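Okay, query.pdb now, which holds PDB, C-alpha atoms and all ligand atoms:
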```pdb
ATOM      1  CA  MET A   1       0.000   0.000   0.000
ATOM      2  CA  PRO A   2       1.468   3.425  -0.907
ATOM      3  CA  LYS A   3       1.879   5.808   2.036
ATOM      4  CA  LYS A   4      -0.770   8.495   2.437
ATOM      5  CA  GLY A   5       0.324  12.163   2.486
ATOM      6  CA  SER A   6      -0.598  12.389   6.168
ATOM      7  CA  GLU A   7       1.709   9.436   6.964
ATOM      8  CA  TYR A   8       4.618  11.366   5.461
ATOM      9  CA  ALA A   9       3.551  14.260   7.714
ATOM     10  CA  ALA A  10       4.134  12.077  10.752
ATOM     11  CA  ALA A  11       7.545  11.068   9.413
ATOM     12  CA  ARG A  12       8.774  14.661   8.804
ATOM     13  CA  PRO A  13       6.837  17.042  11.079
ATOM     14  CA  ASP A  14       9.518  19.756  10.666
ATOM     15  CA  ALA A  15       9.285  19.952   6.866
ATOM     16  CA  VAL A  16       7.956  23.229   5.453
ATOM     17  CA  SER A  17       5.358  21.345   3.391
ATOM     18  CA  GLN A  18       3.969  19.969   6.657
ATOM     19  CA  ARG A  19       3.769  23.402   8.277
ATOM     20  CA  ILE A  20       1.802  24.643   5.281
ATOM     21  CA  ARG A  21      -0.375  21.520   5.270
ATOM     22  CA  ALA A  22      -1.134  22.015   9.003
ATOM     23  CA  ARG A  23      -2.351  25.593   8.357
ATOM     24  CA  ILE A  24      -4.559  24.463   5.478
ATOM     25  CA  THR A  25      -6.020  21.610   7.502
ATOM     26  CA  LYS A  26      -6.689  23.924  10.458
ATOM     27  CA  ALA A  27      -8.595  26.268   8.133
ATOM     28  CA  LYS A  28     -10.495  23.244   6.775
ATOM     29  CA  ALA A  29      -9.483  24.302   3.249
ATOM     30  CA  ARG A  30      -8.920  22.011   0.275
ATOM     31  CA  PHE A  31      -5.492  21.451  -1.226
ATOM     32  CA  HIS A  32      -6.084  19.351  -4.297
ATOM     33  CA  ALA A  33      -3.575  19.631  -7.126
ATOM     34  CA  ASN A  34      -5.570  22.358  -8.867
ATOM     35  CA  ASP A  35      -6.281  24.453  -5.743
ATOM     36  CA  ASN A  36      -4.435  27.671  -4.998
ATOM     37  CA  ILE A  37      -2.786  27.600  -1.556
ATOM     38  CA  ALA A  38      -0.981  30.971  -1.627
ATOM     39  CA  ALA A  39      -2.916  32.273   1.412
ATOM     40  CA  PHE A  40      -1.274  29.599   3.597
ATOM     41  CA  ILE A  41       2.338  30.245   2.581
ATOM     42  CA  LYS A  42       4.408  32.714   4.592
ATOM     43  CA  GLU A  43       7.139  34.938   3.207
ATOM     44  CA  GLY A  44      10.327  33.000   2.474
ATOM     45  CA  GLU A  45       8.615  29.609   2.669
ATOM     46  CA  LEU A  46       8.420  29.153  -1.089
ATOM     47  CA  ASP A  47      12.216  28.944  -1.328
ATOM     48  CA  GLU A  48      12.205  26.448   1.556
ATOM     49  CA  LEU A  49       9.514  24.445  -0.237
ATOM     50  CA  GLN A  50      11.572  24.426  -3.429
ATOM     51  CA  ALA A  51      14.576  23.131  -1.476
ATOM     52  CA  GLU A  52      12.420  20.364   0.022
ATOM     53  CA  VAL A  53      11.098  19.346  -3.412
ATOM     54  CA  GLN A  54      14.659  19.371  -4.766
ATOM     55  CA  GLU A  55      15.776  16.980  -2.025
ATOM     56  CA  LYS A  56      12.883  14.594  -2.747
ATOM     57  CA  LEU A  57      13.603  14.711  -6.491
ATOM     58  CA  ARG A  58      17.211  13.858  -5.774
ATOM     59  CA  GLY A  59      15.843  10.728  -4.074
ATOM     60  CA  VAL A  60      13.702   9.947  -7.143
ATOM     61  CA  LEU A  61      16.747  10.172  -9.415
ATOM     62  CA  GLU A  62      18.649   7.963  -6.986
ATOM     63  CA  SER A  63      15.830   5.391  -7.117
ATOM     64  CA  LEU A  64      15.877   5.569 -10.912
ATOM     65  CA  VAL A  65      19.493   4.391 -10.546
ATOM     66  CA  ILE A  66      20.982   7.464 -12.208
ATOM     67  CA  ASP A  67      24.502   8.348 -11.172
ATOM     68  CA  THR A  68      23.920  12.055 -10.509
ATOM     69  CA  ASP A  69      27.400  12.357  -8.967
ATOM     70  CA  SER A  70      29.297  11.697 -12.172
ATOM     71  CA  ASP A  71      26.629  12.178 -14.864
ATOM     72  CA  HIS A  72      27.185  15.828 -15.806
ATOM     73  CA  ASN A  73      23.716  15.991 -17.455
ATOM     74  CA  THR A  74      21.730  15.130 -14.320
ATOM     75  CA  GLN A  75      23.899  16.700 -11.609
ATOM     76  CA  ASP A  76      21.615  19.725 -11.412
ATOM     77  CA  THR A  77      18.359  18.122 -12.568
ATOM     78  CA  ALA A  78      16.715  17.929  -9.120
ATOM     79  CA  ARG A  79      17.288  21.663  -8.614
ATOM     80  CA  ARG A  80      16.024  22.535 -12.106
ATOM     81  CA  VAL A  81      12.870  20.417 -11.831
ATOM     82  CA  ALA A  82      12.048  21.708  -8.332
ATOM     83  CA  LYS A  83      12.352  25.287  -9.603
ATOM     84  CA  MET A  84      10.282  24.438 -12.658
ATOM     85  CA  PHE A  85       7.455  22.996 -10.512
ATOM     86  CA  ILE A  86       7.328  25.679  -7.813
ATOM     87  CA  LYS A  87       8.222  28.843  -9.738
ATOM     88  CA  GLU A  88       7.198  28.045 -13.294
ATOM     89  CA  VAL A  89       4.724  25.408 -14.425
ATOM     90  CA  PHE A  90       2.752  25.135 -11.137
ATOM     91  CA  HIS A  91       3.115  28.726  -9.941
ATOM     92  CA  GLY A  92      -0.688  29.077 -10.075
ATOM     93  CA  ARG A  93      -0.887  26.928  -6.914
ATOM     94  CA  TYR A  94       1.599  28.983  -4.927
ATOM     95  CA  GLN A  95       1.163  32.597  -6.083
ATOM     96  CA  PRO A  96      -1.834  34.820  -5.318
ATOM     97  CA  MET A  97      -4.197  35.814  -8.106
ATOM     98  CA  PRO A  98      -2.715  38.450 -10.442
ATOM     99  CA  ALA A  99      -3.979  41.990  -9.863
ATOM    100  CA  VAL A 100      -6.860  42.821 -12.189
ATOM    101  CA  THR A 101      -8.197  46.337 -12.570
ATOM    102  CA  GLU A 102     -11.936  46.344 -13.123
ATOM    103  CA  PHE A 103     -13.612  49.202 -14.948
ATOM    104  CA  PRO A 104     -17.318  49.977 -14.740
ATOM    105  CA  ASN A 105     -19.300  49.493 -17.931
ATOM    106  CA  ILE A 106     -20.002  53.239 -18.329
ATOM    107  CA  GLU A 107     -21.137  52.945 -21.948
ATOM    108  CA  ARG A 108     -23.499  50.095 -20.963
ATOM    109  CA  LEU A 109     -22.025  47.868 -23.657
ATOM    110  CA  ASN A 110     -24.167  44.834 -24.290
ATOM    111  CA  GLU A 111     -22.734  43.301 -27.437
ATOM    112  CA  LEU A 112     -20.976  39.981 -27.788
ATOM    113  CA  MET A 113     -17.241  40.115 -27.113
ATOM    114  CA  ILE A 114     -14.846  37.277 -27.887
ATOM    115  CA  VAL A 115     -11.231  36.853 -26.737
ATOM    116  CA  GLY A 116      -9.110  34.082 -28.201
ATOM    117  CA  PRO A 117      -7.483  31.900 -29.083
ATOM    118  CA  ILE A 118      -5.464  32.218 -25.875
ATOM    119  CA  THR A 119      -2.693  29.622 -25.680
ATOM    120  CA  VAL A 120      -2.821  27.631 -22.460
ATOM    121  CA  ARG A 121      -0.263  25.358 -20.861
ATOM    122  CA  SER A 122      -0.815  22.983 -18.000
ATOM    123  CA  ALA A 123       0.005  19.438 -16.883
ATOM    124  CA  CYS A 124      -2.410  16.614 -16.213
ATOM    125  CA  SER A 125      -2.874  15.658 -12.575
ATOM    126  CA  HIS A 126      -2.604  11.963 -13.440
ATOM    127  CA  HIS A 127       0.834  11.748 -15.075
ATOM    128  CA  LEU A 128       2.121  15.333 -14.823
ATOM    129  CA  CYS A 129       2.504  15.342 -18.616
ATOM    130  CA  PRO A 130       1.999  18.634 -20.469
ATOM    131  CA  ILE A 131      -1.384  19.840 -21.698
ATOM    132  CA  ILE A 132      -1.128  22.496 -24.419
ATOM    133  CA  GLY A 133      -4.153  24.083 -25.971
ATOM    134  CA  LYS A 134      -6.305  27.080 -26.804
ATOM    135  CA  VAL A 135      -9.129  28.841 -24.998
ATOM    136  CA  TRP A 136     -11.810  31.117 -26.375
ATOM    137  CA  VAL A 137     -13.879  33.331 -24.084
ATOM    138  CA  GLY A 138     -17.228  34.848 -25.031
ATOM    139  CA  ILE A 139     -18.747  37.581 -22.873
ATOM    140  CA  MET A 140     -22.178  39.147 -23.047
ATOM    141  CA  PRO A 141     -21.907  42.124 -20.687
ATOM    142  CA  ASN A 142     -24.749  44.081 -19.123
ATOM    143  CA  GLU A 143     -24.799  47.569 -17.598
ATOM    144  CA  HIS A 144     -23.735  46.183 -14.204
ATOM    145  CA  SER A 145     -20.837  44.082 -15.556
ATOM    146  CA  ASN A 146     -17.232  44.922 -14.909
ATOM    147  CA  LEU A 147     -14.840  45.303 -17.816
ATOM    148  CA  ILE A 148     -11.245  44.112 -17.519
ATOM    149  CA  GLY A 149      -8.206  44.733 -19.727
ATOM    150  CA  LEU A 150      -7.670  42.272 -22.552
ATOM    151  CA  SER A 151      -4.336  41.034 -21.178
ATOM    152  CA  LYS A 152      -6.035  40.185 -17.869
ATOM    153  CA  TYR A 153      -8.004  37.366 -19.489
ATOM    154  CA  VAL A 154      -4.655  35.812 -20.400
ATOM    155  CA  ARG A 155      -3.175  36.395 -16.936
ATOM    156  CA  LEU A 156      -6.181  34.983 -15.051
ATOM    157  CA  ILE A 157      -6.431  31.933 -17.293
ATOM    158  CA  GLU A 158      -2.696  31.291 -17.027
ATOM    159  CA  TRP A 159      -2.979  31.454 -13.223
ATOM    160  CA  VAL A 160      -5.659  28.726 -13.256
ATOM    161  CA  MET A 161      -3.859  26.566 -15.814
ATOM    162  CA  SER A 162      -0.449  26.687 -14.079
ATOM    163  CA  ARG A 163      -1.465  23.890 -11.736
ATOM    164  CA  PRO A 164      -1.808  20.155 -12.254
ATOM    165  CA  GLN A 165      -5.242  19.973 -13.850
ATOM    166  CA  ILE A 166      -7.774  17.830 -15.575
ATOM    167  CA  GLN A 167      -9.335  19.694 -18.453
ATOM    168  CA  GLU A 168     -12.954  19.378 -17.298
ATOM    169  CA  GLU A 169     -12.130  20.978 -13.940
ATOM    170  CA  ALA A 170      -9.789  23.567 -15.482
ATOM    171  CA  VAL A 171     -12.466  24.898 -17.811
ATOM    172  CA  THR A 172     -14.942  25.163 -14.913
ATOM    173  CA  GLN A 173     -12.407  26.966 -12.711
ATOM    174  CA  VAL A 174     -11.760  29.445 -15.543
ATOM    175  CA  ALA A 175     -15.512  29.989 -15.988
ATOM    176  CA  ASP A 176     -16.125  30.464 -12.229
ATOM    177  CA  LEU A 177     -13.287  32.987 -11.953
ATOM    178  CA  LEU A 178     -14.392  35.068 -14.959
ATOM    179  CA  GLN A 179     -18.032  34.895 -13.849
ATOM    180  CA  GLU A 180     -17.048  36.217 -10.425
ATOM    181  CA  ARG A 181     -14.835  39.027 -11.774
ATOM    182  CA  LEU A 182     -17.058  40.210 -14.637
ATOM    183  CA  GLN A 183     -20.614  39.378 -13.543
ATOM    184  CA  PRO A 184     -21.758  39.239 -17.199
ATOM    185  CA  ASP A 185     -25.194  38.288 -18.541
ATOM    186  CA  GLY A 186     -23.590  35.412 -20.390
ATOM    187  CA  LEU A 187     -20.264  33.625 -20.372
ATOM    188  CA  ALA A 188     -18.935  31.053 -22.847
ATOM    189  CA  ILE A 189     -15.644  29.200 -22.568
ATOM    190  CA  VAL A 190     -14.298  26.680 -25.061
ATOM    191  CA  MET A 191     -11.031  24.877 -24.398
ATOM    192  CA  GLU A 192      -9.336  22.589 -26.913
ATOM    193  CA  ALA A 193      -6.127  20.882 -25.832
ATOM    194  CA  ASP A 194      -3.522  18.267 -26.605
ATOM    195  CA  HIS A 195      -2.677  15.888 -23.778
ATOM    196  CA  PHE A 196       0.884  14.596 -23.901
ATOM    197  CA  CYS A 197      -0.003  11.709 -21.584
ATOM    198  CA  MET A 198      -1.827  10.379 -24.664
ATOM    199  CA  HIS A 199       0.678  11.532 -27.320
ATOM    200  CA  TRP A 200       3.978  10.644 -25.716
ATOM    201  CA  ARG A 201       3.070   7.528 -23.723
ATOM    202  CA  GLY A 202       0.109   5.207 -23.093
ATOM    203  CA  VAL A 203      -2.085   4.951 -26.210
ATOM    204  CA  LYS A 204       0.334   7.201 -28.194
ATOM    205  CA  ASP A 205      -2.482   8.793 -30.169
ATOM    206  CA  VAL A 206      -0.987  12.010 -31.504
ATOM    207  CA  ASP A 207      -4.126  13.390 -33.139
ATOM    208  CA  ALA A 208      -6.794  13.142 -30.435
ATOM    209  CA  LYS A 209      -7.633  16.414 -28.702
ATOM    210  CA  MET A 210     -10.104  17.147 -25.954
ATOM    211  CA  THR A 211     -12.635  19.955 -26.342
ATOM    212  CA  ASN A 212     -14.797  21.290 -23.511
ATOM    213  CA  SER A 213     -17.345  24.025 -23.535
ATOM    214  CA  VAL A 214     -19.030  25.809 -20.666
ATOM    215  CA  MET A 215     -22.042  27.987 -21.494
ATOM    216  CA  ARG A 216     -23.642  30.138 -18.832
ATOM    217  CA  GLY A 217     -26.505  32.623 -18.654
ATOM    218  CA  ALA A 218     -27.421  34.133 -22.031
ATOM    219  CA  PHE A 219     -25.264  31.606 -23.933
ATOM    220  CA  LEU A 220     -27.241  28.780 -22.390
ATOM    221  CA  LYS A 221     -30.668  30.308 -23.009
ATOM    222  CA  ASP A 222     -30.116  31.924 -26.399
ATOM    223  CA  ALA A 223     -29.252  29.453 -29.171
ATOM    224  CA  THR A 224     -28.652  32.269 -31.691
ATOM    225  CA  LEU A 225     -26.075  33.920 -29.434
ATOM    226  CA  ARG A 226     -24.397  30.575 -28.866
ATOM    227  CA  ARG A 227     -24.244  29.937 -32.629
ATOM    228  CA  GLU A 228     -22.807  33.406 -33.248
ATOM    229  CA  PHE A 229     -20.062  32.789 -30.668
ATOM    230  CA  LEU A 230     -19.190  29.355 -32.065
ATOM    231  CA  ALA A 231     -19.162  30.651 -35.663
ATOM    232  CA  LEU A 232     -16.936  33.667 -34.876
ATOM    233  CA  MET A 233     -14.618  31.675 -32.650
ATOM    234  CA  HIS A 234     -13.734  29.214 -35.405
ATOM    235  CA  ARG A 235     -12.970  31.790 -38.096
TER     236      ARG A 235
HETATM  237  N1  LIG B   1     -10.990  13.068 -18.245
HETATM  238  C1  LIG B   1      -9.714  13.409 -18.373
HETATM  239  N2  LIG B   1      -8.798  12.453 -18.477
HETATM  240  C2  LIG B   1      -7.504  12.824 -18.630
HETATM  241  C3  LIG B   1      -7.098  14.155 -18.698
HETATM  242  N3  LIG B   1      -5.745  14.176 -18.853
HETATM  243  C4  LIG B   1      -5.365  12.897 -18.890
HETATM  244  N4  LIG B   1      -6.414  12.050 -18.770
HETATM  245  C5  LIG B   1      -6.520  10.584 -18.752
HETATM  246  O1  LIG B   1      -6.380  10.115 -17.439
HETATM  247  C6  LIG B   1      -6.321   8.709 -17.495
HETATM  248  C7  LIG B   1      -5.498   8.134 -16.360
HETATM  249  O2  LIG B   1      -5.780   6.792 -16.441
HETATM  250  P1  LIG B   1      -5.257   5.584 -15.579
HETATM  251  O3  LIG B   1      -5.928   4.370 -16.103
HETATM  252  O4  LIG B   1      -5.432   5.843 -14.132
HETATM  253  O5  LIG B   1      -3.690   5.585 -15.894
HETATM  254  P2  LIG B   1      -2.886   4.769 -17.002
HETATM  255  O6  LIG B   1      -3.093   3.317 -16.848
HETATM  256  O7  LIG B   1      -1.487   5.276 -16.932
HETATM  257  O8  LIG B   1      -3.618   5.258 -18.324
HETATM  258  P3  LIG B   1      -3.209   5.128 -19.874
HETATM  259  O9  LIG B   1      -2.981   6.560 -20.307
HETATM  260  O10 LIG B   1      -4.391   4.525 -20.549
HETATM  261  O11 LIG B   1      -1.968   4.307 -19.984
HETATM  262  C8  LIG B   1      -5.815   8.395 -18.907
HETATM  263  O12 LIG B   1      -6.884   7.786 -19.611
HETATM  264  C9  LIG B   1      -5.505   9.782 -19.492
HETATM  265  O13 LIG B   1      -5.675   9.802 -20.892
HETATM  266  C10 LIG B   1      -8.097  15.153 -18.565
HETATM  267  O14 LIG B   1      -7.842  16.365 -18.590
HETATM  268  N5  LIG B   1      -9.377  14.731 -18.411
END
```
As structure tokens, what does this structure read like?
Amino acid sequence: MPKKGSEYAAARPDAVSQRIRARITKAKARFHANDNIAAFIKEGELDELQAEVQEKLRGVLESLVIDTDSDHNTQDTARRVAKMFIKEVFHGRYQPMPAVTEFPNIERLNELMIVGPITVRSACSHHLCPIIGKVWVGIMPNEHSNLIGLSKYVRLIEWVMSRPQIQEEAVTQVADLLQERLQPDGLAIVMEADHFCMHWRGVKDVDAKMTNSVMRGAFLKDATLRREFLALMHR
């Protein structure tokens, strides 16, 4: 039987990951792979966490029977991969949400707006293999909606995607976040992505993609609006 995370906690109560875990547990918060835990990390702890991950990765390389002492290619691999996980590809778990300026909809715009394709990068929670794809966002604002800068769609979506994800949950997290920020009459999200756990390994199907769509409010009720979004998005 593989050890549970909490059993490791008992083994290394002094580890920074366990201090963070204890705070999250005390707050009764969730810390799944695609949850953001920035609120529970104190200043300076991210570097400590990276050092802890590096040490564990060194153990993984050791168990893979790689001679990291004399193999010049892998001598620094544990450090590089730890940095890549904490500071780069999974930074959306450890960093707070990017600042987003919201502007009131003074002109009371209520026409369809589409942003995309936005390139997204993530990794699947199951194998930690890359997911690379595109997202399109459709917004139907109303006079009470907030407007945000175009680049902020990219920043918010990148923040959600830079965590181990499964596509169905990722697309819902993106929709929930944009719904909360913008409060539009309608919101449409389509995500189409390549999963390298299918291309590189396993079934090795290099053509199959996954497409998800989330339609809310006006896009759900109004078939004409939905058709207009889907037609414009694919041009
Ligand atoms: N639904 C869903 N599945 C995903 C996603 N990313 C990867 N997967 C799949 O997750 C599954 C994990 O399956 P398991 O049977 O537990 O693992 P496995 O035996 O290594 O799977 P194979 O890939 O078939 O070799 C695989 O079928 C992947 O293709 C995703 O975003 N959504």
Shell of 10 Å around ligand LIG 1 (chain B) (all atoms listed in the file), written as a VMD selection string = chain A and resid 122 to 131 164 to 171 193 to 205 210 to 212
Emit as lines of an AutoDock Vina configuration file the padded axis-aligned box for all listed atoms of range 144-158 of chain A, 8 Å per side, with centre and edge lengths in Å to one decimal.
```
center_x = -13.2
center_y = 38.7
center_z = -18.4
size_x = 37.0
size_y = 30.9
size_z = 24.3
```
State, in Å with one decimal place, the distance from CA of Ala39 in chain A to CA of Leu147 in chain A.
->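 Distance between the two atoms: 26.1 Å.
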The PyMOL selection byres (((chain A and resi 137) around 6) and not hetatm) on the file shown: which residues, as a count of residues only?
-> 6
From A:Val16, A:Ile139, A:Leu64, A:Met113, residue lying nearest Ile41 in chain A [all atoms listed in the file] |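 For Ile41 in chain A, the nearest of the given residues is A:Val16.
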Can you tell me how far CA of Gly92 in chain A sits from CA of Arg155 in chain A, in Å to one decimal?
->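 About the pair CA of Gly92 in chain A and CA of Arg155 in chain A: they are 10.3 Å apart.
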Compile the contact shell of Arg227 in chain A as a VMD selection string: residues with an atom at most 12 Å away, counting all atoms listed in the file, same-chain residues fewer than 6 positions apart removed.
-> chain A and resid 112 138 188 215 218 to 221 233 to 234
